[in-house]
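Chemist: One structure follows; several queries about it will come next.
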Amino acid sequence: MKTESCKVIRLTAPLAESAARELRAGDRVEITGTIYTARDTAHKMIVEALDRGEDIPIDLKGAVIYYAGPAPTPPGKVIGSVGPTTSGRMDAFTPRLIRLGLRGMIGKGERSREVVDAMVRYGAVYFAAVGGAGALLAQRVRKADVIGYDDLGPEAIRKLEVERFPAIVAIDTQGNNLYHDRRK
Amino acid sequence: MVRDVDVRSIEDGVARMCMETNVLAPDDLIKALKKGMAEEEPGTAREIFRVLLENLEVARNENLPICQDTGMTVVFLDVGQDVHLAGGDVSEAVNEGVRRGYRQGYLRKSVVADPLRRMNTGDNTPAVIHFSVVPGDKVRVTVVPKGFGSENMSAIRMLKPTEGYEGIKRFVIDTIKNAGANPCPPIVVGIGVGGTFEKAALMSKEALTRPLGKPSGDENTRRMENDLLKEINKLGIGPQGLGGRVTALSVAVNTYPTHIAGLPVALNICCHVYRHASIEI
Ligand code: SF4
């Protein structure tokens with residue numbers, strides 16, 4: 001069991017493979033740097049674009065994708081509430097993105113066998129953010145810009161500059177899985 | 001005597017409740033989270049409760065929605081039979097209230113017009129409206145924004161009558177085990193037992209409008225609620241599915257007479273963002 005006093009690992013995004021490989025399920029981390037939001041439809045559109053051989057809005061090399069669709073940005077704020085959505089819905093698309101360089105994912109809930117296999121093989125890591133803590137997580141976003149699939153509204157792809165964005169390593173590059181471990 | 005109620009007062013009420021309930025955590029929720037935090041060992045589980053409580057505070061102070069999924073809006077309208085709804089189409093008034101509330105409150109628009117073509121309607125309408133006619137000359141309006149992380153993990157089963165309470169328990173435990181971390185535990189569980197297929201589902205949703213921790217008025221049902229809560233929390237799924245004692249904050253069960261050949265049971269899961277608001281006009 002990790003305790004409140006346990007140390008928090010600082011990470012920079014995009015994420016280096018070596019940094020990803022050092023993390024272990026249960027580690028508490030804070031991520032600083034550039035991450036991207038993408039969820040259901042954006043994933044589908046990315047994969048369809050790849051199929052057609054077209055460019056996609058994200059540079060996948062070392063990228064960290066945050067499965068989230070924020071609430072609208074109120075005046076004077078950087079972004080609206082922005083907590084994680086259920087990652088499992090992206091499972092069908094994820095192994096291909098990992099193969100192309102995706103290094104980290106932030107979401108909530110378990111991943112499929114295929115995703116974990118790809119993570120182990122290519123050295124990607126899966127972080128859990130606290131689902132339903134969207135207001136708090138919004139405070140860690142310094143800048144937010146829509147960079148793709150504009151017309152999807154909350155589902156559009158956003159580039160976020162985050163500072164000390166808190167998460168827990170849920171599945172590491174060796175396949176250790178906090179969701180399994182913690183269940184009696 | 002028939003009393004006139006202007007549908008615009010319903011519209012205003014819906015707009016206001018949409019904005020308030022998505023931002024301001026009700027007292028029953030804060031109390032339940034503090035209780036849950038006290039029950040957990042120091043470590044990840046307790047830390048998550050601390051984060052959830054801090055998040056409620058940030059939402060209130062920054063006037064941001066507690067969760068970015070501000071839900072599809074479910075509205076219960078209990079209309080007194082001595083009321084005349086005046087001034088326009090009441091469903092349109094409810095939808096206009098949702099439209100205004102979600103725009104002015106900077107709440108997320110999460111509704112698509114067609115379940116397969118999936119174009120966002122852009123204003124979070126239409127709401128899902130449940131009308132009932134009740135005695136009296138008042139209108140009661142209840143707003144329940146329903147997030148889909150938890151809605152997606154809900155289930156219904158037509159049990160055999162002889163499966164009885166054990167069958168219900170098995171169904172409930174299986175459903176929640178299968179839901180795991182997806183509905184953002186700690187969860188609130190609404191259950192409908194009896195009636196018909198749709199009645200059971202509706203009762204399970206209605207159970208999620210009950211103040212958190214308020215037991216059923218019926219003794220047998222109350223016993224069932226307590227026992228199910230205990231069994232669910234034995235699963236060890238814990239906050240966010242990362243392990244712990246508190247998987248569910250509360251279980252609310254509603255029952256209704258049913259057919260000799262059936263035992264419908266529906267389970268509607270709500271996450272810890274337990275939003276609900278009511279007014280009487
Ligand atoms: S299940 Fe609840 S807390 Fe989780 S993302 Fe949906 S609305 Fe938010």
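Identifiers in the structure tokens: chain A, B, ... in order shown; residue index from 1 per chain; ligand index from 1 in order shown.
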Select residues of chain B: the criterion is any atom within 7 Å of an atom of chain A, counting only C-alpha atoms; output as a PyMOL selection string.
Modeler: chain B and resi 42-44+47+52+55+58-59+64-68+106-108+149+181-182+184+235-237+240-243+273
Chemist: Could you save those same residues with N, CA, C and O atoms as an mmCIF file, in the first residue's frame?
Modeler:
data_model
loop_
_atom_site.group_PDB
_atom_site.id
_atom_site.type_symbol
_atom_site.label_atom_id
_atom_site.label_comp_id
_atom_site.auth_asym_id
_atom_site.auth_seq_id
_atom_site.Cartn_x
_atom_site.Cartn_y
_atom_site.Cartn_z
ATOM 1 N N PRO B 42 -5.300 4.427 5.824
ATOM 2 C CA PRO B 42 -4.441 5.406 5.164
ATOM 3 C C PRO B 42 -3.801 4.744 3.939
ATOM 4 O O PRO B 42 -3.462 3.571 3.990
ATOM 5 N N GLY B 43 -3.651 5.489 2.860
ATOM 6 C CA GLY B 43 -3.106 4.918 1.632
ATOM 7 C C GLY B 43 -3.908 5.407 0.452
ATOM 8 O O GLY B 43 -4.630 6.395 0.555
ATOM 9 N N THR B 44 -3.751 4.684 -0.681
ATOM 10 C CA THR B 44 -4.380 5.141 -1.921
ATOM 11 C C THR B 44 -5.880 5.403 -1.752
ATOM 12 O O THR B 44 -6.391 6.420 -2.202
ATOM 13 N N GLU B 47 -6.577 8.494 0.203
ATOM 14 C CA GLU B 47 -6.100 9.624 -0.593
ATOM 15 C C GLU B 47 -7.117 9.994 -1.690
ATOM 16 O O GLU B 47 -7.354 11.174 -1.954
ATOM 17 N N LEU B 52 -11.381 13.606 -3.843
ATOM 18 C CA LEU B 52 -12.781 13.838 -4.223
ATOM 19 C C LEU B 52 -13.383 14.983 -3.424
ATOM 20 O O LEU B 52 -14.110 15.831 -3.968
ATOM 21 N N ASN B 55 -11.924 18.154 -4.634
ATOM 22 C CA ASN B 55 -12.527 18.506 -5.921
ATOM 23 C C ASN B 55 -13.869 19.216 -5.743
ATOM 24 O O ASN B 55 -14.177 20.161 -6.458
ATOM 25 N N VAL B 58 -13.054 22.779 -4.860
ATOM 26 C CA VAL B 58 -12.569 23.536 -6.021
ATOM 27 C C VAL B 58 -13.752 23.892 -6.926
ATOM 28 O O VAL B 58 -13.871 25.028 -7.404
ATOM 29 N N ALA B 59 -14.646 22.929 -7.152
ATOM 30 C CA ALA B 59 -15.800 23.172 -8.027
ATOM 31 C C ALA B 59 -16.621 24.338 -7.491
ATOM 32 O O ALA B 59 -17.003 25.245 -8.238
ATOM 33 N N LEU B 64 -16.950 25.723 -11.227
ATOM 34 C CA LEU B 64 -16.772 24.764 -12.316
ATOM 35 C C LEU B 64 -17.601 23.529 -12.002
ATOM 36 O O LEU B 64 -17.810 23.209 -10.833
ATOM 37 N N PRO B 65 -18.064 22.822 -13.041
ATOM 38 C CA PRO B 65 -18.773 21.576 -12.751
ATOM 39 C C PRO B 65 -17.881 20.580 -12.000
ATOM 40 O O PRO B 65 -16.674 20.510 -12.266
ATOM 41 N N ILE B 66 -18.466 19.856 -11.076
ATOM 42 C CA ILE B 66 -17.744 18.874 -10.274
ATOM 43 C C ILE B 66 -17.046 17.871 -11.189
ATOM 44 O O ILE B 66 -15.884 17.536 -11.018
ATOM 45 N N CYS B 67 -17.779 17.417 -12.201
ATOM 46 C CA CYS B 67 -17.227 16.508 -13.208
ATOM 47 C C CYS B 67 -17.542 17.065 -14.582
ATOM 48 O O CYS B 67 -18.592 17.675 -14.776
ATOM 49 N N GLN B 68 -16.620 16.857 -15.551
ATOM 50 C CA GLN B 68 -16.860 17.383 -16.897
ATOM 51 C C GLN B 68 -18.038 16.687 -17.568
ATOM 52 O O GLN B 68 -18.666 17.265 -18.438
ATOM 53 N N TYR B 106 -21.930 26.849 -18.559
ATOM 54 C CA TYR B 106 -20.740 26.261 -19.190
ATOM 55 C C TYR B 106 -20.636 24.770 -18.875
ATOM 56 O O TYR B 106 -19.591 24.266 -18.492
ATOM 57 N N LEU B 107 -21.755 24.088 -19.026
ATOM 58 C CA LEU B 107 -21.783 22.649 -18.783
ATOM 59 C C LEU B 107 -21.583 21.934 -20.115
ATOM 60 O O LEU B 107 -21.900 22.481 -21.177
ATOM 61 N N ARG B 108 -21.076 20.710 -20.052
ATOM 62 C CA ARG B 108 -20.747 20.020 -21.298
ATOM 63 C C ARG B 108 -22.001 19.542 -22.019
ATOM 64 O O ARG B 108 -22.934 19.052 -21.387
ATOM 65 N N GLY B 149 -20.507 7.198 -17.659
ATOM 66 C CA GLY B 149 -19.551 6.215 -17.161
ATOM 67 C C GLY B 149 -20.271 5.201 -16.294
ATOM 68 O O GLY B 149 -20.037 3.988 -16.372
ATOM 69 N N ALA B 181 -13.908 -0.475 -12.194
ATOM 70 C CA ALA B 181 -13.515 0.923 -12.008
ATOM 71 C C ALA B 181 -14.295 1.870 -12.923
ATOM 72 O O ALA B 181 -14.240 3.082 -12.741
ATOM 73 N N ASN B 182 -15.014 1.323 -13.912
ATOM 74 C CA ASN B 182 -15.608 2.196 -14.932
ATOM 75 C C ASN B 182 -16.610 3.231 -14.417
ATOM 76 O O ASN B 182 -16.632 4.346 -14.916
ATOM 77 N N CYS B 184 -16.616 5.009 -11.894
ATOM 78 C CA CYS B 184 -16.005 5.935 -10.938
ATOM 79 C C CYS B 184 -16.428 5.664 -9.497
ATOM 80 O O CYS B 184 -16.992 6.538 -8.838
ATOM 81 N N LEU B 235 -16.595 -6.687 -1.875
ATOM 82 C CA LEU B 235 -15.899 -6.963 -3.142
ATOM 83 C C LEU B 235 -14.486 -6.383 -3.162
ATOM 84 O O LEU B 235 -13.631 -6.850 -3.898
ATOM 85 N N GLY B 236 -14.266 -5.321 -2.390
ATOM 86 C CA GLY B 236 -12.910 -4.750 -2.333
ATOM 87 C C GLY B 236 -12.507 -3.941 -3.549
ATOM 88 O O GLY B 236 -11.335 -3.605 -3.703
ATOM 89 N N ILE B 237 -13.460 -3.621 -4.426
ATOM 90 C CA ILE B 237 -13.142 -2.813 -5.616
ATOM 91 C C ILE B 237 -12.584 -1.463 -5.176
ATOM 92 O O ILE B 237 -11.566 -1.004 -5.681
ATOM 93 N N GLN B 240 -12.274 4.268 -7.098
ATOM 94 C CA GLN B 240 -11.617 4.238 -8.419
ATOM 95 C C GLN B 240 -11.205 2.828 -8.847
ATOM 96 O O GLN B 240 -10.402 2.673 -9.760
ATOM 97 N N GLY B 241 -11.693 1.829 -8.155
ATOM 98 C CA GLY B 241 -11.356 0.460 -8.528
ATOM 99 C C GLY B 241 -9.947 0.060 -8.161
ATOM 100 O O GLY B 241 -9.441 -0.968 -8.605
ATOM 101 N N LEU B 242 -9.302 0.881 -7.310
ATOM 102 C CA LEU B 242 -7.908 0.596 -6.951
ATOM 103 C C LEU B 242 -7.803 -0.098 -5.602
ATOM 104 O O LEU B 242 -6.736 -0.146 -4.992
ATOM 105 N N GLY B 243 -8.900 -0.634 -5.143
ATOM 106 C CA GLY B 243 -8.883 -1.404 -3.900
ATOM 107 C C GLY B 243 -9.293 -0.581 -2.705
ATOM 108 O O GLY B 243 -8.872 0.555 -2.552
ATOM 109 N N VAL B 273 -20.415 11.374 -8.003
ATOM 110 C CA VAL B 273 -20.962 12.714 -8.259
ATOM 111 C C VAL B 273 -22.483 12.570 -8.278
ATOM 112 O O VAL B 273 -23.121 12.492 -9.328
#
Chemist: Quick one: DSSP alpha helix (DSSP H) residues in chain A, as a PyMOL selection string?
Modeler: chain A and resi 17-22+40-51+94-99+113-122+134-138+178-181
Chemist: Please produce a file of those selected residues containing C-alpha atoms, as a PDB file, in the first residue's frame.
Modeler:
ATOM      1  CA  GLU A  17      10.782   5.275 -23.290  1.00  0.00           C
ATOM      2  CA  SER A  18      13.356   4.908 -20.521  1.00  0.00           C
ATOM      3  CA  ALA A  19      11.231   6.979 -18.127  1.00  0.00           C
ATOM      4  CA  ALA A  20       8.170   4.942 -18.986  1.00  0.00           C
ATOM      5  CA  ARG A  21       9.982   1.664 -18.393  1.00  0.00           C
ATOM      6  CA  GLU A  22      11.076   2.728 -14.909  1.00  0.00           C
ATOM      7  CA  ASP A  40     -14.116   7.828 -28.850  1.00  0.00           C
ATOM      8  CA  THR A  41     -14.799   9.543 -32.149  1.00  0.00           C
ATOM      9  CA  ALA A  42     -11.371  11.203 -32.339  1.00  0.00           C
ATOM     10  CA  HIS A  43      -9.757   7.753 -32.024  1.00  0.00           C
ATOM     11  CA  LYS A  44     -11.957   6.394 -34.755  1.00  0.00           C
ATOM     12  CA  MET A  45     -11.075   9.330 -37.002  1.00  0.00           C
ATOM     13  CA  ILE A  46      -7.340   9.024 -36.314  1.00  0.00           C
ATOM     14  CA  VAL A  47      -7.340   5.367 -37.260  1.00  0.00           C
ATOM     15  CA  GLU A  48      -9.421   6.040 -40.370  1.00  0.00           C
ATOM     16  CA  ALA A  49      -6.990   8.796 -41.388  1.00  0.00           C
ATOM     17  CA  LEU A  50      -4.063   6.391 -40.877  1.00  0.00           C
ATOM     18  CA  ASP A  51      -5.851   3.841 -43.060  1.00  0.00           C
ATOM     19  CA  THR A  94      -4.968   1.703 -28.944  1.00  0.00           C
ATOM     20  CA  PRO A  95      -2.513  -1.096 -29.899  1.00  0.00           C
ATOM     21  CA  ARG A  96      -2.019   0.471 -33.321  1.00  0.00           C
ATOM     22  CA  LEU A  97      -1.259   3.886 -31.783  1.00  0.00           C
ATOM     23  CA  ILE A  98       1.186   2.320 -29.321  1.00  0.00           C
ATOM     24  CA  ARG A  99       2.954   0.671 -32.243  1.00  0.00           C
ATOM     25  CA  ARG A 113      -5.432  -7.903 -23.010  1.00  0.00           C
ATOM     26  CA  GLU A 114      -4.414  -6.603 -26.443  1.00  0.00           C
ATOM     27  CA  VAL A 115      -3.650  -3.141 -25.076  1.00  0.00           C
ATOM     28  CA  VAL A 116      -1.561  -4.497 -22.203  1.00  0.00           C
ATOM     29  CA  ASP A 117       0.357  -6.774 -24.592  1.00  0.00           C
ATOM     30  CA  ALA A 118       1.179  -3.809 -26.819  1.00  0.00           C
ATOM     31  CA  MET A 119       2.220  -1.769 -23.771  1.00  0.00           C
ATOM     32  CA  VAL A 120       4.649  -4.452 -22.679  1.00  0.00           C
ATOM     33  CA  ARG A 121       6.026  -4.977 -26.152  1.00  0.00           C
ATOM     34  CA  TYR A 122       6.580  -1.325 -27.027  1.00  0.00           C
ATOM     35  CA  GLY A 134     -12.621  17.258 -13.174  1.00  0.00           C
ATOM     36  CA  ALA A 135     -12.683  20.639 -11.425  1.00  0.00           C
ATOM     37  CA  LEU A 136      -9.506  19.869  -9.513  1.00  0.00           C
ATOM     38  CA  LEU A 137      -7.681  18.483 -12.548  1.00  0.00           C
ATOM     39  CA  ALA A 138      -8.593  21.600 -14.570  1.00  0.00           C
ATOM     40  CA  LEU A 178      -3.161  -2.255 -10.133  1.00  0.00           C
ATOM     41  CA  TYR A 179      -6.786  -3.108 -10.905  1.00  0.00           C
ATOM     42  CA  HIS A 180      -6.052  -6.811 -10.511  1.00  0.00           C
ATOM     43  CA  ASP A 181      -3.622  -6.472  -7.611  1.00  0.00           C
TER      44      ASP A 181
END
Chemist: Can you check which parts of chain B lie within 9 Å of ligand 1? Per residue, the shortest pair of atoms and distance in Å to one decimal, counting only C-alpha atoms and all ligand atoms, sorted by chain and number, as JSON lines.
Modeler:
{"residue": "B:Ile66", "atom": "CA", "partner": "ligand 1", "partner_atom_place_in_ligand_line": "8 (Fe)", "distance": 7.9}
{"residue": "B:Cys67", "atom": "CA", "partner": "ligand 1", "partner_atom_place_in_ligand_line": "8 (Fe)", "distance": 4.7}
{"residue": "B:Gln68", "atom": "CA", "partner": "ligand 1", "partner_atom_place_in_ligand_line": "8 (Fe)", "distance": 6.3}
{"residue": "B:Asp69", "atom": "CA", "partner": "ligand 1", "partner_atom_place_in_ligand_line": "7 (S)", "distance": 4.6}
{"residue": "B:Thr70", "atom": "CA", "partner": "ligand 1", "partner_atom_place_in_ligand_line": "7 (S)", "distance": 6.3}
{"residue": "B:Gly71", "atom": "CA", "partner": "ligand 1", "partner_atom_place_in_ligand_line": "7 (S)", "distance": 6.4}
{"residue": "B:Pro145", "atom": "CA", "partner": "ligand 1", "partner_atom_place_in_ligand_line": "7 (S)", "distance": 8.5}
{"residue": "B:Lys146", "atom": "CA", "partner": "ligand 1", "partner_atom_place_in_ligand_line": "7 (S)", "distance": 6.7}
{"residue": "B:Gly147", "atom": "CA", "partner": "ligand 1", "partner_atom_place_in_ligand_line": "7 (S)", "distance": 3.7}
{"residue": "B:Phe148", "atom": "CA", "partner": "ligand 1", "partner_atom_place_in_ligand_line": "6 (Fe)", "distance": 5.3}
{"residue": "B:Gly149", "atom": "CA", "partner": "ligand 1", "partner_atom_place_in_ligand_line": "1 (S)", "distance": 3.8}
{"residue": "B:Ser150", "atom": "CA", "partner": "ligand 1", "partner_atom_place_in_ligand_line": "1 (S)", "distance": 4.5}
{"residue": "B:Glu151", "atom": "CA", "partner": "ligand 1", "partner_atom_place_in_ligand_line": "1 (S)", "distance": 7.5}
{"residue": "B:Asn152", "atom": "CA", "partner": "ligand 1", "partner_atom_place_in_ligand_line": "1 (S)", "distance": 8.9}
{"residue": "B:Asn182", "atom": "CA", "partner": "ligand 1", "partner_atom_place_in_ligand_line": "1 (S)", "distance": 7.1}
{"residue": "B:Pro183", "atom": "CA", "partner": "ligand 1", "partner_atom_place_in_ligand_line": "1 (S)", "distance": 4.5}
{"residue": "B:Cys184", "atom": "CA", "partner": "ligand 1", "partner_atom_place_in_ligand_line": "4 (Fe)", "distance": 4.5}
{"residue": "B:Pro185", "atom": "CA", "partner": "ligand 1", "partner_atom_place_in_ligand_line": "4 (Fe)", "distance": 7.9}
{"residue": "B:Ile187", "atom": "CA", "partner": "ligand 1", "partner_atom_place_in_ligand_line": "1 (S)", "distance": 8.6}
{"residue": "B:Ile269", "atom": "CA", "partner": "ligand 1", "partner_atom_place_in_ligand_line": "1 (S)", "distance": 8.8}
{"residue": "B:Cys270", "atom": "CA", "partner": "ligand 1", "partner_atom_place_in_ligand_line": "2 (Fe)", "distance": 6.7}
{"residue": "B:Cys271", "atom": "CA", "partner": "ligand 1", "partner_atom_place_in_ligand_line": "2 (Fe)", "distance": 4.4}
{"residue": "B:His272", "atom": "CA", "partner": "ligand 1", "partner_atom_place_in_ligand_line": "3 (S)", "distance": 6.1}
{"residue": "B:Val273", "atom": "CA", "partner": "ligand 1", "partner_atom_place_in_ligand_line": "3 (S)", "distance": 5.3}
{"residue": "B:Tyr274", "atom": "CA", "partner": "ligand 1", "partner_atom_place_in_ligand_line": "2 (Fe)", "distance": 8.0}
Chemist: What lies within 7 Å of A:Pro166 using only C-alpha atoms, ignoring chain neighbours under 5 positions off, as a PyMOL selection string?
Modeler: chain A and resi 29-31+129
Chemist: Could you save the residues just selected, with N, CA and C atoms, as a PDB file, in the first residue's frame?
Modeler:
ATOM      1  N   VAL A  29       2.407   9.799  -9.679  1.00  0.00           N
ATOM      2  CA  VAL A  29       3.219  10.668 -10.544  1.00  0.00           C
ATOM      3  C   VAL A  29       2.566  12.037 -10.694  1.00  0.00           C
ATOM      4  N   GLU A  30       3.374  12.989 -11.125  1.00  0.00           N
ATOM      5  CA  GLU A  30       2.857  14.287 -11.559  1.00  0.00           C
ATOM      6  C   GLU A  30       3.482  14.593 -12.906  1.00  0.00           C
ATOM      7  N   ILE A  31       2.629  14.852 -13.889  1.00  0.00           N
ATOM      8  CA  ILE A  31       3.090  15.020 -15.262  1.00  0.00           C
ATOM      9  C   ILE A  31       3.108  16.503 -15.618  1.00  0.00           C
ATOM     10  N   ALA A 129      -6.223   8.609 -13.673  1.00  0.00           N
ATOM     11  CA  ALA A 129      -6.496   9.880 -12.993  1.00  0.00           C
ATOM     12  C   ALA A 129      -7.795   9.675 -12.214  1.00  0.00           C
TER      13      ALA A 129
END
Chemist: Within 6 Å of A:Val169, counting only C-alpha atoms, which residues show up once you throw out same-chain ones fewer than 5 positions away? Write them as JSON, numbers by chain, please.
Modeler: {"A": [25, 26, 27, 127]}
Chemist: Next, dump the selected residues to file, keeping only C-alpha atoms, as an mmCIF file, in the first residue's frame.
Modeler:
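Final output, saved to part-v7.cif:
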data_model
loop_
_atom_site.group_PDB
_atom_site.id
_atom_site.type_symbol
_atom_site.label_atom_id
_atom_site.label_comp_id
_atom_site.auth_asym_id
_atom_site.auth_seq_id
_atom_site.Cartn_x
_atom_site.Cartn_y
_atom_site.Cartn_z
ATOM 1 C CA ALA A 25 2.042 0.047 -11.005
ATOM 2 C CA GLY A 26 1.091 1.944 -7.867
ATOM 3 C CA ASP A 27 3.558 4.797 -8.360
ATOM 4 C CA PHE A 127 -2.039 6.106 -15.801
#
Chemist: Tell me which of B:Ile281, B:Ala201, B:Arg170, B:Pro186 sits closest to B:Asp4, counting only C-alpha atoms.
Modeler: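 Checking each candidate against B:Asp4, we get B:Ile281 as the closest.
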Chemist: What is the atom CA of B:Ala266 to atom CA of B:Lys31 distance in Å?
Modeler: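 Taking atom CA of B:Ala266 as the start and atom CA of B:Lys31 as the end point, the length is 26.9 Å.
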Chemist: Excluding stretch 86-103 of chain B and its own-chain neighbours fewer than 2 positions away, which residues fall within 6 Å of it when counting only C-alpha atoms? Please give them as a list in words.
Modeler: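 Near stretch 86-103 of chain B, the qualifying residues are Val5, Asp6, Val7, Glu11, Asp12, Val14, Ala15, Cys18, Met19, His84, Gly105, Tyr106, Leu107, Asp123, Thr125 and Pro126 of chain B.
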Chemist: Would you export the selected residues with N, CA, C and O atoms as a PDB file, in the first residue's frame, please?
Modeler:
ATOM      1  N   VAL B   5     -50.340  26.855 -13.580  1.00  0.00           N
ATOM      2  CA  VAL B   5     -48.885  26.954 -13.391  1.00  0.00           C
ATOM      3  C   VAL B   5     -48.278  27.296 -14.743  1.00  0.00           C
ATOM      4  O   VAL B   5     -48.485  26.566 -15.720  1.00  0.00           O
ATOM      5  N   ASP B   6     -47.568  28.411 -14.796  1.00  0.00           N
ATOM      6  CA  ASP B   6     -46.947  28.841 -16.044  1.00  0.00           C
ATOM      7  C   ASP B   6     -45.737  27.952 -16.338  1.00  0.00           C
ATOM      8  O   ASP B   6     -44.870  27.771 -15.483  1.00  0.00           O
ATOM      9  N   VAL B   7     -45.687  27.391 -17.529  1.00  0.00           N
ATOM     10  CA  VAL B   7     -44.573  26.482 -17.851  1.00  0.00           C
ATOM     11  C   VAL B   7     -43.226  27.214 -17.800  1.00  0.00           C
ATOM     12  O   VAL B   7     -42.182  26.585 -17.662  1.00  0.00           O
ATOM     13  N   GLU B  11     -39.461  26.042 -16.668  1.00  0.00           N
ATOM     14  CA  GLU B  11     -38.244  26.293 -17.455  1.00  0.00           C
ATOM     15  C   GLU B  11     -37.162  26.948 -16.582  1.00  0.00           C
ATOM     16  O   GLU B  11     -36.008  26.502 -16.551  1.00  0.00           O
ATOM     17  N   ASP B  12     -37.568  28.004 -15.849  1.00  0.00           N
ATOM     18  CA  ASP B  12     -36.591  28.700 -14.988  1.00  0.00           C
ATOM     19  C   ASP B  12     -36.011  27.756 -13.937  1.00  0.00           C
ATOM     20  O   ASP B  12     -34.811  27.758 -13.682  1.00  0.00           O
ATOM     21  N   VAL B  14     -35.768  24.475 -14.018  1.00  0.00           N
ATOM     22  CA  VAL B  14     -34.880  23.476 -14.619  1.00  0.00           C
ATOM     23  C   VAL B  14     -33.520  24.107 -14.918  1.00  0.00           C
ATOM     24  O   VAL B  14     -32.469  23.537 -14.604  1.00  0.00           O
ATOM     25  N   ALA B  15     -33.525  25.303 -15.496  1.00  0.00           N
ATOM     26  CA  ALA B  15     -32.262  25.971 -15.839  1.00  0.00           C
ATOM     27  C   ALA B  15     -31.410  26.165 -14.584  1.00  0.00           C
ATOM     28  O   ALA B  15     -30.217  25.849 -14.562  1.00  0.00           O
ATOM     29  N   CYS B  18     -30.100  22.787 -13.154  1.00  0.00           N
ATOM     30  CA  CYS B  18     -29.011  22.219 -13.962  1.00  0.00           C
ATOM     31  C   CYS B  18     -27.681  22.863 -13.556  1.00  0.00           C
ATOM     32  O   CYS B  18     -26.673  22.183 -13.375  1.00  0.00           O
ATOM     33  N   MET B  19     -27.701  24.179 -13.418  1.00  0.00           N
ATOM     34  CA  MET B  19     -26.451  24.881 -13.107  1.00  0.00           C
ATOM     35  C   MET B  19     -25.999  24.564 -11.688  1.00  0.00           C
ATOM     36  O   MET B  19     -24.824  24.323 -11.442  1.00  0.00           O
ATOM     37  N   HIS B  84     -53.320  23.219 -13.995  1.00  0.00           N
ATOM     38  CA  HIS B  84     -53.380  23.444 -15.445  1.00  0.00           C
ATOM     39  C   HIS B  84     -52.054  24.055 -15.876  1.00  0.00           C
ATOM     40  O   HIS B  84     -51.677  25.130 -15.420  1.00  0.00           O
ATOM     41  N   GLY B 105     -24.319  27.852 -17.744  1.00  0.00           N
ATOM     42  CA  GLY B 105     -23.482  27.248 -16.714  1.00  0.00           C
ATOM     43  C   GLY B 105     -22.178  26.682 -17.257  1.00  0.00           C
ATOM     44  O   GLY B 105     -21.416  26.077 -16.519  1.00  0.00           O
ATOM     45  N   TYR B 106     -21.930  26.849 -18.559  1.00  0.00           N
ATOM     46  CA  TYR B 106     -20.740  26.261 -19.190  1.00  0.00           C
ATOM     47  C   TYR B 106     -20.636  24.770 -18.875  1.00  0.00           C
ATOM     48  O   TYR B 106     -19.591  24.266 -18.492  1.00  0.00           O
ATOM     49  N   LEU B 107     -21.755  24.088 -19.026  1.00  0.00           N
ATOM     50  CA  LEU B 107     -21.783  22.649 -18.783  1.00  0.00           C
ATOM     51  C   LEU B 107     -21.583  21.934 -20.115  1.00  0.00           C
ATOM     52  O   LEU B 107     -21.900  22.481 -21.177  1.00  0.00           O
ATOM     53  N   ASP B 123     -26.706  21.481 -27.467  1.00  0.00           N
ATOM     54  CA  ASP B 123     -27.289  22.205 -26.327  1.00  0.00           C
ATOM     55  C   ASP B 123     -27.758  21.267 -25.215  1.00  0.00           C
ATOM     56  O   ASP B 123     -28.510  21.652 -24.322  1.00  0.00           O
ATOM     57  N   THR B 125     -29.915  19.063 -25.252  1.00  0.00           N
ATOM     58  CA  THR B 125     -31.286  18.575 -25.349  1.00  0.00           C
ATOM     59  C   THR B 125     -31.341  17.464 -26.379  1.00  0.00           C
ATOM     60  O   THR B 125     -30.425  17.352 -27.192  1.00  0.00           O
ATOM     61  N   PRO B 126     -32.382  16.661 -26.377  1.00  0.00           N
ATOM     62  CA  PRO B 126     -33.504  16.710 -25.452  1.00  0.00           C
ATOM     63  C   PRO B 126     -33.191  16.077 -24.101  1.00  0.00           C
ATOM     64  O   PRO B 126     -32.314  15.220 -23.998  1.00  0.00           O
TER      65      PRO B 126
END
Chemist: One decimal, Å: what's the distance from atom CA of A:Asp55 over to atom CA of A:Gly101, could you say?
Modeler: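 Interatomic distance here is 14.8 Å.
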Chemist: In Å, with one decimal, what is the gap from atom CA of B:Leu24 to atom CA of B:Gly190?
Modeler: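 Pair atom CA of B:Leu24 / atom CA of B:Gly190 returns 21.7 Å.
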Chemist: Using only C-alpha atoms, determine which residues lie at most 12 Å from B:Leu33, disregarding the query and same-chain residues fewer than 4 positions distant; provide the list as JSON, numbers by chain.
Modeler: {"B": [25, 26, 27, 28, 29, 37, 38, 39, 40, 45, 46, 47, 48, 49, 50, 51, 52, 53, 54, 55, 56, 185, 186, 187, 188, 212, 213, 239, 246, 247, 248, 249, 250, 271, 272, 273, 274]}
Chemist: Taking the backbone alone, and naming residues the way the document does, which bits of stretch 126-175 of chain A are strand (DSSP E) by DSSP, as number ranges by chain?
Modeler: A: 126-128, 141-148, 157-171
